[in-house]
file data02.txt (compact mmCIF, N, CA and C atoms)
# COMPACT_ATOMS: atom_id res chain seq x y z
N MET H 1 25.98 21.30 33.43
CA MET H 1 25.12 20.45 32.64
C MET H 1 25.91 19.87 31.48
N SER H 2 25.61 18.64 31.15
CA SER H 2 26.33 17.96 30.07
C SER H 2 25.98 18.58 28.72
N THR H 3 26.82 18.27 27.74
CA THR H 3 26.57 18.74 26.38
C THR H 3 25.25 18.18 25.88
N LYS H 4 24.98 16.89 26.17
CA LYS H 4 23.72 16.27 25.76
C LYS H 4 22.53 16.95 26.43
N GLY H 5 22.70 17.33 27.70
CA GLY H 5 21.63 18.01 28.41
C GLY H 5 21.28 19.34 27.77
N ARG H 6 22.33 20.11 27.41
CA ARG H 6 22.10 21.39 26.76
C ARG H 6 21.49 21.18 25.36
N ALA H 7 21.96 20.16 24.67
CA ALA H 7 21.43 19.87 23.33
C ALA H 7 19.95 19.51 23.42
N PHE H 8 19.59 18.71 24.44
CA PHE H 8 18.19 18.33 24.60
C PHE H 8 17.34 19.57 24.91
N GLU H 9 17.82 20.46 25.76
CA GLU H 9 17.08 21.69 26.09
C GLU H 9 16.81 22.50 24.82
N LYS H 10 17.82 22.60 23.97
CA LYS H 10 17.68 23.35 22.72
C LYS H 10 16.62 22.69 21.83
N ILE H 11 16.66 21.37 21.74
CA ILE H 11 15.69 20.64 20.93
C ILE H 11 14.28 20.82 21.50
N LEU H 12 14.15 20.77 22.82
CA LEU H 12 12.85 20.95 23.45
C LEU H 12 12.28 22.34 23.15
N ILE H 13 13.11 23.36 23.27
CA ILE H 13 12.66 24.73 22.97
C ILE H 13 12.22 24.83 21.51
N GLU H 14 12.99 24.21 20.60
CA GLU H 14 12.63 24.22 19.18
C GLU H 14 11.29 23.51 18.96
N ALA H 15 11.07 22.39 19.67
CA ALA H 15 9.82 21.64 19.53
C ALA H 15 8.64 22.47 20.02
N VAL H 16 8.81 23.15 21.14
CA VAL H 16 7.75 24.02 21.67
C VAL H 16 7.47 25.14 20.66
N ASP H 17 8.53 25.74 20.15
CA ASP H 17 8.39 26.84 19.20
C ASP H 17 7.64 26.39 17.94
N GLU H 18 8.00 25.22 17.41
CA GLU H 18 7.34 24.69 16.21
C GLU H 18 5.87 24.40 16.48
N ALA H 19 5.59 23.78 17.62
CA ALA H 19 4.20 23.45 17.94
C ALA H 19 3.36 24.72 18.08
N LEU H 20 3.88 25.72 18.77
CA LEU H 20 3.14 26.96 18.93
C LEU H 20 3.02 27.71 17.61
N ALA H 21 4.04 27.64 16.77
CA ALA H 21 4.01 28.31 15.46
C ALA H 21 2.93 27.71 14.57
N SER H 22 2.62 26.44 14.78
CA SER H 22 1.58 25.80 13.96
C SER H 22 0.21 26.43 14.22
N LEU H 23 0.09 27.17 15.32
CA LEU H 23 -1.15 27.88 15.64
C LEU H 23 -1.19 29.27 15.00
N GLY H 24 -0.06 29.67 14.41
CA GLY H 24 0.05 30.99 13.80
C GLY H 24 1.07 31.82 14.57
N GLU H 25 1.76 32.67 13.87
CA GLU H 25 2.83 33.47 14.48
C GLU H 25 2.30 34.39 15.58
N SER H 26 1.17 35.04 15.34
CA SER H 26 0.65 35.95 16.36
C SER H 26 0.17 35.17 17.59
N ALA H 27 -0.39 33.99 17.38
CA ALA H 27 -0.82 33.16 18.52
C ALA H 27 0.40 32.72 19.32
N LYS H 28 1.46 32.32 18.63
CA LYS H 28 2.70 31.90 19.30
C LYS H 28 3.24 33.03 20.17
N GLN H 29 3.35 34.22 19.59
CA GLN H 29 3.88 35.36 20.34
C GLN H 29 2.99 35.70 21.54
N SER H 30 1.68 35.59 21.35
CA SER H 30 0.74 35.86 22.43
C SER H 30 0.90 34.86 23.57
N ILE H 31 1.08 33.59 23.23
CA ILE H 31 1.26 32.55 24.25
C ILE H 31 2.54 32.80 25.03
N TYR H 32 3.64 33.08 24.34
CA TYR H 32 4.90 33.38 25.04
C TYR H 32 4.73 34.61 25.95
N PHE H 33 4.02 35.62 25.46
CA PHE H 33 3.79 36.83 26.24
C PHE H 33 3.04 36.49 27.53
N HIS H 34 1.96 35.73 27.41
CA HIS H 34 1.16 35.37 28.59
C HIS H 34 1.95 34.49 29.56
N LEU H 35 2.73 33.56 29.02
CA LEU H 35 3.54 32.71 29.90
C LEU H 35 4.53 33.55 30.70
N GLU H 36 5.11 34.55 30.05
CA GLU H 36 6.09 35.38 30.73
C GLU H 36 5.42 36.36 31.71
N GLU H 37 4.34 36.98 31.28
CA GLU H 37 3.67 37.98 32.11
C GLU H 37 2.94 37.36 33.31
N LYS H 38 2.20 36.30 33.07
CA LYS H 38 1.36 35.71 34.13
C LYS H 38 2.08 34.64 34.95
N PHE H 39 3.01 33.92 34.30
CA PHE H 39 3.62 32.78 34.97
C PHE H 39 5.13 32.91 35.14
N LYS H 40 5.69 34.03 34.66
CA LYS H 40 7.13 34.32 34.81
C LYS H 40 8.00 33.24 34.17
N ILE H 41 7.55 32.70 33.03
CA ILE H 41 8.30 31.67 32.31
C ILE H 41 8.67 32.21 30.93
N THR H 42 9.96 32.41 30.70
CA THR H 42 10.40 32.83 29.38
C THR H 42 10.57 31.58 28.51
N LYS H 43 10.68 31.82 27.23
CA LYS H 43 10.87 30.72 26.28
C LYS H 43 12.07 29.86 26.69
N ASN H 44 13.17 30.50 27.07
CA ASN H 44 14.38 29.76 27.42
C ASN H 44 14.30 29.08 28.79
N ASP H 45 13.30 29.48 29.60
CA ASP H 45 13.10 28.85 30.92
C ASP H 45 12.34 27.53 30.84
N ILE H 46 11.66 27.29 29.73
CA ILE H 46 10.75 26.15 29.62
C ILE H 46 11.41 24.83 30.03
N PRO H 47 12.60 24.48 29.53
CA PRO H 47 13.17 23.17 29.91
C PRO H 47 13.40 23.01 31.41
N ASN H 48 13.69 24.10 32.10
CA ASN H 48 13.96 24.03 33.54
C ASN H 48 12.73 24.24 34.41
N HIS H 49 11.62 24.59 33.77
CA HIS H 49 10.37 24.83 34.50
C HIS H 49 9.21 24.16 33.76
N LEU H 50 9.41 22.91 33.41
CA LEU H 50 8.46 22.19 32.58
C LEU H 50 7.08 22.06 33.23
N GLU H 51 7.05 21.77 34.52
CA GLU H 51 5.76 21.65 35.20
C GLU H 51 5.03 22.99 35.22
N ASP H 52 5.76 24.06 35.46
CA ASP H 52 5.16 25.39 35.46
C ASP H 52 4.65 25.74 34.05
N PHE H 53 5.43 25.37 33.04
CA PHE H 53 5.03 25.61 31.65
C PHE H 53 3.73 24.87 31.35
N ALA H 54 3.68 23.58 31.71
CA ALA H 54 2.47 22.79 31.47
C ALA H 54 1.27 23.39 32.22
N HIS H 55 1.51 23.82 33.45
CA HIS H 55 0.45 24.45 34.25
C HIS H 55 -0.02 25.74 33.58
N GLY H 56 0.91 26.52 33.07
CA GLY H 56 0.57 27.76 32.38
C GLY H 56 -0.29 27.50 31.15
N LEU H 57 0.09 26.48 30.37
CA LEU H 57 -0.71 26.12 29.20
C LEU H 57 -2.13 25.73 29.60
N GLU H 58 -2.23 24.96 30.69
CA GLU H 58 -3.55 24.53 31.17
C GLU H 58 -4.38 25.72 31.63
N LYS H 59 -3.75 26.69 32.28
CA LYS H 59 -4.48 27.87 32.73
C LYS H 59 -4.93 28.72 31.53
N ILE H 60 -4.10 28.78 30.50
CA ILE H 60 -4.44 29.59 29.33
C ILE H 60 -5.49 28.88 28.47
N PHE H 61 -5.32 27.57 28.24
CA PHE H 61 -6.15 26.86 27.26
C PHE H 61 -7.15 25.86 27.83
N GLY H 62 -7.08 25.60 29.12
CA GLY H 62 -7.97 24.59 29.68
C GLY H 62 -7.69 23.23 29.05
N LEU H 63 -8.73 22.53 28.63
CA LEU H 63 -8.55 21.21 28.02
C LEU H 63 -7.80 21.27 26.70
N GLY H 64 -7.80 22.43 26.05
CA GLY H 64 -7.08 22.61 24.80
C GLY H 64 -5.57 22.49 24.96
N ALA H 65 -5.08 22.60 26.19
CA ALA H 65 -3.64 22.47 26.44
C ALA H 65 -3.16 21.09 26.03
N ARG H 66 -4.01 20.08 26.18
CA ARG H 66 -3.62 18.71 25.80
C ARG H 66 -3.24 18.65 24.32
N PHE H 67 -4.00 19.32 23.47
CA PHE H 67 -3.71 19.35 22.04
C PHE H 67 -2.34 19.97 21.78
N ILE H 68 -2.04 21.06 22.45
CA ILE H 68 -0.74 21.72 22.28
C ILE H 68 0.38 20.83 22.80
N GLU H 69 0.16 20.19 23.94
CA GLU H 69 1.18 19.28 24.48
C GLU H 69 1.47 18.14 23.51
N ILE H 70 0.43 17.61 22.86
CA ILE H 70 0.63 16.54 21.87
C ILE H 70 1.43 17.06 20.69
N LEU H 71 1.13 18.27 20.22
CA LEU H 71 1.91 18.86 19.12
C LEU H 71 3.38 18.99 19.52
N ILE H 72 3.62 19.44 20.74
CA ILE H 72 5.01 19.59 21.22
C ILE H 72 5.69 18.23 21.26
N MET H 73 5.00 17.23 21.80
CA MET H 73 5.61 15.90 21.92
C MET H 73 5.89 15.29 20.56
N LYS H 74 4.97 15.45 19.61
CA LYS H 74 5.21 14.92 18.26
C LYS H 74 6.46 15.55 17.66
N SER H 75 6.58 16.85 17.80
CA SER H 75 7.75 17.54 17.27
C SER H 75 9.01 17.10 18.00
N LEU H 76 8.94 17.00 19.33
CA LEU H 76 10.10 16.61 20.13
C LEU H 76 10.58 15.22 19.76
N PHE H 77 9.67 14.26 19.72
CA PHE H 77 10.07 12.88 19.43
C PHE H 77 10.60 12.75 18.00
N LYS H 78 10.04 13.52 17.07
CA LYS H 78 10.55 13.51 15.70
C LYS H 78 11.98 14.04 15.67
N LYS H 79 12.24 15.12 16.43
CA LYS H 79 13.57 15.72 16.45
C LYS H 79 14.62 14.80 17.05
N ILE H 80 14.23 13.95 18.00
CA ILE H 80 15.21 13.05 18.60
C ILE H 80 15.24 11.70 17.88
N GLY H 81 14.42 11.56 16.84
CA GLY H 81 14.43 10.35 16.03
C GLY H 81 13.79 9.14 16.69
N GLN H 82 12.78 9.39 17.51
CA GLN H 82 12.08 8.30 18.20
C GLN H 82 10.59 8.38 17.86
N PRO H 83 9.95 7.21 17.76
CA PRO H 83 8.50 7.25 17.54
C PRO H 83 7.78 7.68 18.82
N LEU H 84 6.73 8.43 18.66
CA LEU H 84 5.92 8.84 19.81
C LEU H 84 4.79 7.83 19.96
N GLU H 85 4.80 7.12 21.06
CA GLU H 85 3.76 6.15 21.33
C GLU H 85 3.19 6.43 22.70
N TRP H 86 1.88 6.46 22.78
CA TRP H 86 1.28 6.61 24.09
C TRP H 86 0.01 5.79 24.15
N ASP H 87 -0.30 5.38 25.34
CA ASP H 87 -1.50 4.59 25.61
C ASP H 87 -2.65 5.57 25.76
N LYS H 88 -3.53 5.61 24.76
CA LYS H 88 -4.62 6.58 24.77
C LYS H 88 -5.63 6.31 25.87
N SER H 89 -5.57 5.13 26.47
CA SER H 89 -6.50 4.83 27.56
C SER H 89 -6.02 5.45 28.88
N LYS H 90 -4.75 5.84 28.90
CA LYS H 90 -4.19 6.45 30.11
C LYS H 90 -4.15 7.96 29.96
N LYS H 91 -4.14 8.64 31.08
CA LYS H 91 -4.05 10.10 31.06
C LYS H 91 -2.67 10.53 30.55
N LEU H 92 -2.70 11.43 29.61
CA LEU H 92 -1.47 11.98 29.06
C LEU H 92 -0.81 12.87 30.11
N VAL H 93 0.45 12.59 30.42
CA VAL H 93 1.18 13.43 31.37
C VAL H 93 2.40 13.98 30.62
N PHE H 94 2.27 15.22 30.21
CA PHE H 94 3.25 15.88 29.38
C PHE H 94 4.66 15.81 29.96
N VAL H 95 4.80 16.13 31.23
CA VAL H 95 6.12 16.17 31.87
C VAL H 95 6.78 14.79 31.82
N GLU H 96 5.99 13.73 31.99
CA GLU H 96 6.54 12.37 31.94
C GLU H 96 7.02 12.02 30.54
N TYR H 97 6.28 12.44 29.51
CA TYR H 97 6.71 12.16 28.14
C TYR H 97 7.98 12.91 27.78
N VAL H 98 8.11 14.13 28.26
CA VAL H 98 9.33 14.90 28.01
C VAL H 98 10.50 14.22 28.72
N ALA H 99 10.28 13.75 29.94
CA ALA H 99 11.34 13.04 30.67
C ALA H 99 11.75 11.78 29.93
N ALA H 100 10.79 11.05 29.37
CA ALA H 100 11.10 9.84 28.59
C ALA H 100 11.90 10.20 27.35
N ALA H 101 11.53 11.29 26.69
CA ALA H 101 12.27 11.74 25.51
C ALA H 101 13.70 12.10 25.89
N LYS H 102 13.86 12.75 27.02
CA LYS H 102 15.21 13.14 27.48
C LYS H 102 16.06 11.91 27.76
N ARG H 103 15.47 10.90 28.41
CA ARG H 103 16.21 9.66 28.67
C ARG H 103 16.61 8.98 27.36
N SER H 104 15.68 8.92 26.43
CA SER H 104 15.95 8.30 25.14
C SER H 104 17.06 9.04 24.40
N PHE H 105 17.00 10.37 24.44
CA PHE H 105 18.01 11.19 23.78
C PHE H 105 19.38 10.98 24.43
N ALA H 106 19.41 10.89 25.74
CA ALA H 106 20.67 10.71 26.47
C ALA H 106 21.31 9.36 26.13
N LYS H 107 20.49 8.35 25.87
CA LYS H 107 21.00 7.00 25.55
C LYS H 107 21.50 6.91 24.11
N LYS H 108 21.01 7.77 23.24
CA LYS H 108 21.41 7.69 21.82
C LYS H 108 22.91 7.76 21.68
N GLY H 109 23.40 6.86 20.89
CA GLY H 109 24.84 6.84 20.63
C GLY H 109 25.65 6.13 21.69
N LEU H 110 24.98 5.65 22.74
CA LEU H 110 25.70 4.95 23.81
C LEU H 110 25.59 3.43 23.66
N ASP H 111 24.69 3.00 22.81
CA ASP H 111 24.48 1.55 22.63
C ASP H 111 25.61 0.90 21.87
call {"tool": "encode", "arguments": {"input": "data02.txt", "output": "structure tokens"}}
result
Amino acid sequence: MSTKGRAFEKILIEAVDEALASLGESAKQSIYFHLEEKFKITKNDIPNHLEDFAHGLEKIFGLGARFIEILIMKSLFKKIGQPLEWDKSKKLVFVEYVAAAKRSFAKKGLD
């Protein structure tokens, strides 16, 4: 994996951590515990198992997962220095937004 790829994974994990921490430290630890116990996804696995992570959030929180995904995306896009824009009339697809952030991050400094 490229240096940029590893850097993006680190940023993504930090964004997830920050978003979950905004719910409280005990809530964050509980979410990580459930993701690992029920879905076999560790914190460091999240970048490589994004769809499974999103599915796990949906199973844990139902419709509330969307709120957490938005928190993660806001943090992620802020960390990569890009504005987060989405069409609220369309269904939010977390995995697609993370992929867009990764593409944007990969292009940074290449222009």
call {"tool": "residues_around", "arguments": {"input": "data02.txt", "residues": "H:Ala106", "least_positions_apart": "2", "cutoff": "12 Å", "atoms": "only C-alpha atoms", "output": "ChimeraX atom specification"}}
result
/H:2-9,80,99-104,108-111
call {"tool": "closest_residue", "arguments": {"input": "data02.txt", "among": "H:Leu23, H:Val16, H:His34, H:Lys10", "to": "H:Lys59", "atoms": "only C-alpha atoms"}}
result
H:His34
call {"tool": "atom_distance", "arguments": {"input": "data02.txt", "atom1": "atom N of H:Ser30", "atom2": "atom N of H:Gly81"}}
result
27.6 Å
call {"tool": "atom_distance", "arguments": {"input": "data02.txt", "atom1": "atom CA of H:Phe53", "atom2": "atom CA of H:Ile41"}}
result
6.9 Å
call {"tool": "atom_distance", "arguments": {"input": "data02.txt", "atom1": "atom N of H:Lys107", "atom2": "atom CA of H:Lys43"}}
result
24.4 Å
call {"tool": "select_by_dssp", "arguments": {"input": "data02.txt", "residues": "chain H", "states": "alpha helix (DSSP H)", "output": "VMD selection string"}}
result
chain H and resid 3 to 21 25 to 39 50 to 61 65 to 79 94 to 107
call {"tool": "closest_residue", "arguments": {"input": "data02.txt", "among": "H:Pro83, H:Glu25, H:Thr42, H:Phe94", "to": "H:Ile68", "atoms": "only C-alpha atoms"}}
result
H:Phe94
call {"tool": "closest_residue", "arguments": {"input": "data02.txt", "among": "H:Glu14, H:Glu96, H:Asp52, H:Glu37", "to": "H:Leu76", "atoms": "only C-alpha atoms"}}
result
H:Glu14
call {"tool": "closest_residue", "arguments": {"input": "data02.txt", "among": "H:Leu35, H:Ala19, H:Met73, H:Val98", "to": "H:Gly56", "atoms": "all atoms listed in the file"}}
result
H:Leu35
call {"tool": "closest_residue", "arguments": {"input": "data02.txt", "among": "H:Tyr97, H:Ser75, H:Ile60, H:Pro47", "to": "H:Phe33", "atoms": "only C-alpha atoms"}}
result
H:Ile60
call {"tool": "decode", "arguments": {"input": "data02.txt", "residues": "stretch 63-77 of chain H", "atoms": "all heavy atoms", "output": "PDB file, in the first residue's frame"}}
result
ATOM      1  N   LEU H  63     -31.642   3.439  12.374  1.00  0.00           N
ATOM      2  CA  LEU H  63     -31.589   4.707  11.640  1.00  0.00           C
ATOM      3  C   LEU H  63     -30.606   5.701  12.254  1.00  0.00           C
ATOM      4  O   LEU H  63     -30.128   6.603  11.580  1.00  0.00           O
ATOM      5  CB  LEU H  63     -32.984   5.337  11.566  1.00  0.00           C
ATOM      6  CG  LEU H  63     -34.008   4.576  10.738  1.00  0.00           C
ATOM      7  CD1 LEU H  63     -35.374   5.240  10.836  1.00  0.00           C
ATOM      8  CD2 LEU H  63     -33.566   4.478   9.281  1.00  0.00           C
ATOM      9  N   GLY H  64     -30.289   5.527  13.531  1.00  0.00           N
ATOM     10  CA  GLY H  64     -29.326   6.401  14.199  1.00  0.00           C
ATOM     11  C   GLY H  64     -27.924   6.276  13.638  1.00  0.00           C
ATOM     12  O   GLY H  64     -27.087   7.151  13.846  1.00  0.00           O
ATOM     13  N   ALA H  65     -27.655   5.199  12.905  1.00  0.00           N
ATOM     14  CA  ALA H  65     -26.331   5.011  12.301  1.00  0.00           C
ATOM     15  C   ALA H  65     -26.031   6.147  11.330  1.00  0.00           C
ATOM     16  O   ALA H  65     -24.878   6.561  11.200  1.00  0.00           O
ATOM     17  CB  ALA H  65     -26.247   3.671  11.582  1.00  0.00           C
ATOM     18  N   ARG H  66     -27.057   6.666  10.667  1.00  0.00           N
ATOM     19  CA  ARG H  66     -26.856   7.765   9.712  1.00  0.00           C
ATOM     20  C   ARG H  66     -26.227   8.975  10.408  1.00  0.00           C
ATOM     21  O   ARG H  66     -25.327   9.609   9.876  1.00  0.00           O
ATOM     22  CB  ARG H  66     -28.195   8.131   9.073  1.00  0.00           C
ATOM     23  CG  ARG H  66     -28.104   9.267   8.092  1.00  0.00           C
ATOM     24  CD  ARG H  66     -29.478   9.581   7.525  1.00  0.00           C
ATOM     25  NE  ARG H  66     -29.486  10.877   6.887  1.00  0.00           N
ATOM     26  CZ  ARG H  66     -29.440  11.053   5.586  1.00  0.00           C
ATOM     27  NH1 ARG H  66     -29.378  10.035   4.777  1.00  0.00           N
ATOM     28  NH2 ARG H  66     -29.447  12.267   5.087  1.00  0.00           N
ATOM     29  N   PHE H  67     -26.688   9.290  11.608  1.00  0.00           N
ATOM     30  CA  PHE H  67     -26.143  10.406  12.376  1.00  0.00           C
ATOM     31  C   PHE H  67     -24.659  10.186  12.658  1.00  0.00           C
ATOM     32  O   PHE H  67     -23.839  11.097  12.494  1.00  0.00           O
ATOM     33  CB  PHE H  67     -26.926  10.549  13.693  1.00  0.00           C
ATOM     34  CG  PHE H  67     -26.319  11.520  14.659  1.00  0.00           C
ATOM     35  CD1 PHE H  67     -26.408  12.891  14.455  1.00  0.00           C
ATOM     36  CD2 PHE H  67     -25.639  11.056  15.773  1.00  0.00           C
ATOM     37  CE1 PHE H  67     -25.836  13.777  15.350  1.00  0.00           C
ATOM     38  CE2 PHE H  67     -25.064  11.939  16.675  1.00  0.00           C
ATOM     39  CZ  PHE H  67     -25.163  13.316  16.465  1.00  0.00           C
ATOM     40  N   ILE H  68     -24.301   8.988  13.060  1.00  0.00           N
ATOM     41  CA  ILE H  68     -22.896   8.675  13.351  1.00  0.00           C
ATOM     42  C   ILE H  68     -22.060   8.735  12.078  1.00  0.00           C
ATOM     43  O   ILE H  68     -20.945   9.252  12.080  1.00  0.00           O
ATOM     44  CB  ILE H  68     -22.785   7.308  14.051  1.00  0.00           C
ATOM     45  CG1 ILE H  68     -23.463   7.398  15.425  1.00  0.00           C
ATOM     46  CG2 ILE H  68     -21.333   6.864  14.182  1.00  0.00           C
ATOM     47  CD1 ILE H  68     -23.661   6.086  16.113  1.00  0.00           C
ATOM     48  N   GLU H  69     -22.593   8.215  10.977  1.00  0.00           N
ATOM     49  CA  GLU H  69     -21.869   8.278   9.703  1.00  0.00           C
ATOM     50  C   GLU H  69     -21.614   9.727   9.291  1.00  0.00           C
ATOM     51  O   GLU H  69     -20.528  10.055   8.804  1.00  0.00           O
ATOM     52  CB  GLU H  69     -22.658   7.540   8.622  1.00  0.00           C
ATOM     53  CG  GLU H  69     -22.681   6.046   8.824  1.00  0.00           C
ATOM     54  CD  GLU H  69     -23.620   5.308   7.891  1.00  0.00           C
ATOM     55  OE1 GLU H  69     -24.439   5.953   7.204  1.00  0.00           O
ATOM     56  OE2 GLU H  69     -23.535   4.068   7.847  1.00  0.00           O
ATOM     57  N   ILE H  70     -22.589  10.604   9.507  1.00  0.00           N
ATOM     58  CA  ILE H  70     -22.406  12.021   9.178  1.00  0.00           C
ATOM     59  C   ILE H  70     -21.323  12.629  10.059  1.00  0.00           C
ATOM     60  O   ILE H  70     -20.475  13.389   9.571  1.00  0.00           O
ATOM     61  CB  ILE H  70     -23.738  12.791   9.293  1.00  0.00           C
ATOM     62  CG1 ILE H  70     -24.680  12.349   8.167  1.00  0.00           C
ATOM     63  CG2 ILE H  70     -23.514  14.300   9.252  1.00  0.00           C
ATOM     64  CD1 ILE H  70     -26.109  12.841   8.311  1.00  0.00           C
ATOM     65  N   LEU H  71     -21.313  12.299  11.349  1.00  0.00           N
ATOM     66  CA  LEU H  71     -20.254  12.792  12.240  1.00  0.00           C
ATOM     67  C   LEU H  71     -18.887  12.339  11.748  1.00  0.00           C
ATOM     68  O   LEU H  71     -17.926  13.127  11.736  1.00  0.00           O
ATOM     69  CB  LEU H  71     -20.476  12.280  13.669  1.00  0.00           C
ATOM     70  CG  LEU H  71     -21.627  12.871  14.469  1.00  0.00           C
ATOM     71  CD1 LEU H  71     -21.729  12.170  15.820  1.00  0.00           C
ATOM     72  CD2 LEU H  71     -21.436  14.367  14.660  1.00  0.00           C
ATOM     73  N   ILE H  72     -18.794  11.078  11.342  1.00  0.00           N
ATOM     74  CA  ILE H  72     -17.520  10.543  10.840  1.00  0.00           C
ATOM     75  C   ILE H  72     -17.107  11.290   9.581  1.00  0.00           C
ATOM     76  O   ILE H  72     -15.951  11.708   9.443  1.00  0.00           O
ATOM     77  CB  ILE H  72     -17.627   9.027  10.572  1.00  0.00           C
ATOM     78  CG1 ILE H  72     -17.838   8.253  11.882  1.00  0.00           C
ATOM     79  CG2 ILE H  72     -16.371   8.515   9.847  1.00  0.00           C
ATOM     80  CD1 ILE H  72     -18.249   6.802  11.688  1.00  0.00           C
ATOM     81  N   MET H  73     -18.045  11.480   8.662  1.00  0.00           N
ATOM     82  CA  MET H  73     -17.712  12.157   7.402  1.00  0.00           C
ATOM     83  C   MET H  73     -17.297  13.593   7.631  1.00  0.00           C
ATOM     84  O   MET H  73     -16.357  14.081   7.004  1.00  0.00           O
ATOM     85  CB  MET H  73     -18.882  12.064   6.426  1.00  0.00           C
ATOM     86  CG  MET H  73     -19.051  10.652   5.904  1.00  0.00           C
ATOM     87  SD  MET H  73     -20.271  10.499   4.613  1.00  0.00           S
ATOM     88  CE  MET H  73     -21.717  11.160   5.402  1.00  0.00           C
ATOM     89  N   LYS H  74     -17.986  14.302   8.522  1.00  0.00           N
ATOM     90  CA  LYS H  74     -17.605  15.691   8.821  1.00  0.00           C
ATOM     91  C   LYS H  74     -16.172  15.743   9.340  1.00  0.00           C
ATOM     92  O   LYS H  74     -15.375  16.577   8.909  1.00  0.00           O
ATOM     93  CB  LYS H  74     -18.563  16.304   9.842  1.00  0.00           C
ATOM     94  CG  LYS H  74     -19.898  16.690   9.260  1.00  0.00           C
ATOM     95  CD  LYS H  74     -20.786  17.302  10.331  1.00  0.00           C
ATOM     96  CE  LYS H  74     -22.099  17.755   9.735  1.00  0.00           C
ATOM     97  NZ  LYS H  74     -23.019  18.305  10.752  1.00  0.00           N
ATOM     98  N   SER H  75     -15.855  14.853  10.249  1.00  0.00           N
ATOM     99  CA  SER H  75     -14.506  14.809  10.798  1.00  0.00           C
ATOM    100  C   SER H  75     -13.491  14.436   9.717  1.00  0.00           C
ATOM    101  O   SER H  75     -12.426  15.057   9.605  1.00  0.00           O
ATOM    102  CB  SER H  75     -14.450  13.813  11.956  1.00  0.00           C
ATOM    103  OG  SER H  75     -13.145  13.712  12.466  1.00  0.00           O
ATOM    104  N   LEU H  76     -13.820  13.437   8.902  1.00  0.00           N
ATOM    105  CA  LEU H  76     -12.915  12.975   7.855  1.00  0.00           C
ATOM    106  C   LEU H  76     -12.630  14.078   6.850  1.00  0.00           C
ATOM    107  O   LEU H  76     -11.471  14.357   6.519  1.00  0.00           O
ATOM    108  CB  LEU H  76     -13.521  11.750   7.154  1.00  0.00           C
ATOM    109  CG  LEU H  76     -12.732  11.181   5.979  1.00  0.00           C
ATOM    110  CD1 LEU H  76     -11.348  10.712   6.425  1.00  0.00           C
ATOM    111  CD2 LEU H  76     -13.507  10.039   5.340  1.00  0.00           C
ATOM    112  N   PHE H  77     -13.674  14.720   6.349  1.00  0.00           N
ATOM    113  CA  PHE H  77     -13.472  15.751   5.336  1.00  0.00           C
ATOM    114  C   PHE H  77     -12.720  16.952   5.912  1.00  0.00           C
ATOM    115  O   PHE H  77     -11.911  17.567   5.233  1.00  0.00           O
ATOM    116  CB  PHE H  77     -14.808  16.161   4.707  1.00  0.00           C
ATOM    117  CG  PHE H  77     -15.235  15.242   3.592  1.00  0.00           C
ATOM    118  CD1 PHE H  77     -15.753  13.990   3.862  1.00  0.00           C
ATOM    119  CD2 PHE H  77     -15.093  15.621   2.263  1.00  0.00           C
ATOM    120  CE1 PHE H  77     -16.136  13.122   2.841  1.00  0.00           C
ATOM    121  CE2 PHE H  77     -15.471  14.774   1.229  1.00  0.00           C
ATOM    122  CZ  PHE H  77     -15.989  13.518   1.521  1.00  0.00           C
TER     123      PHE H  77
END
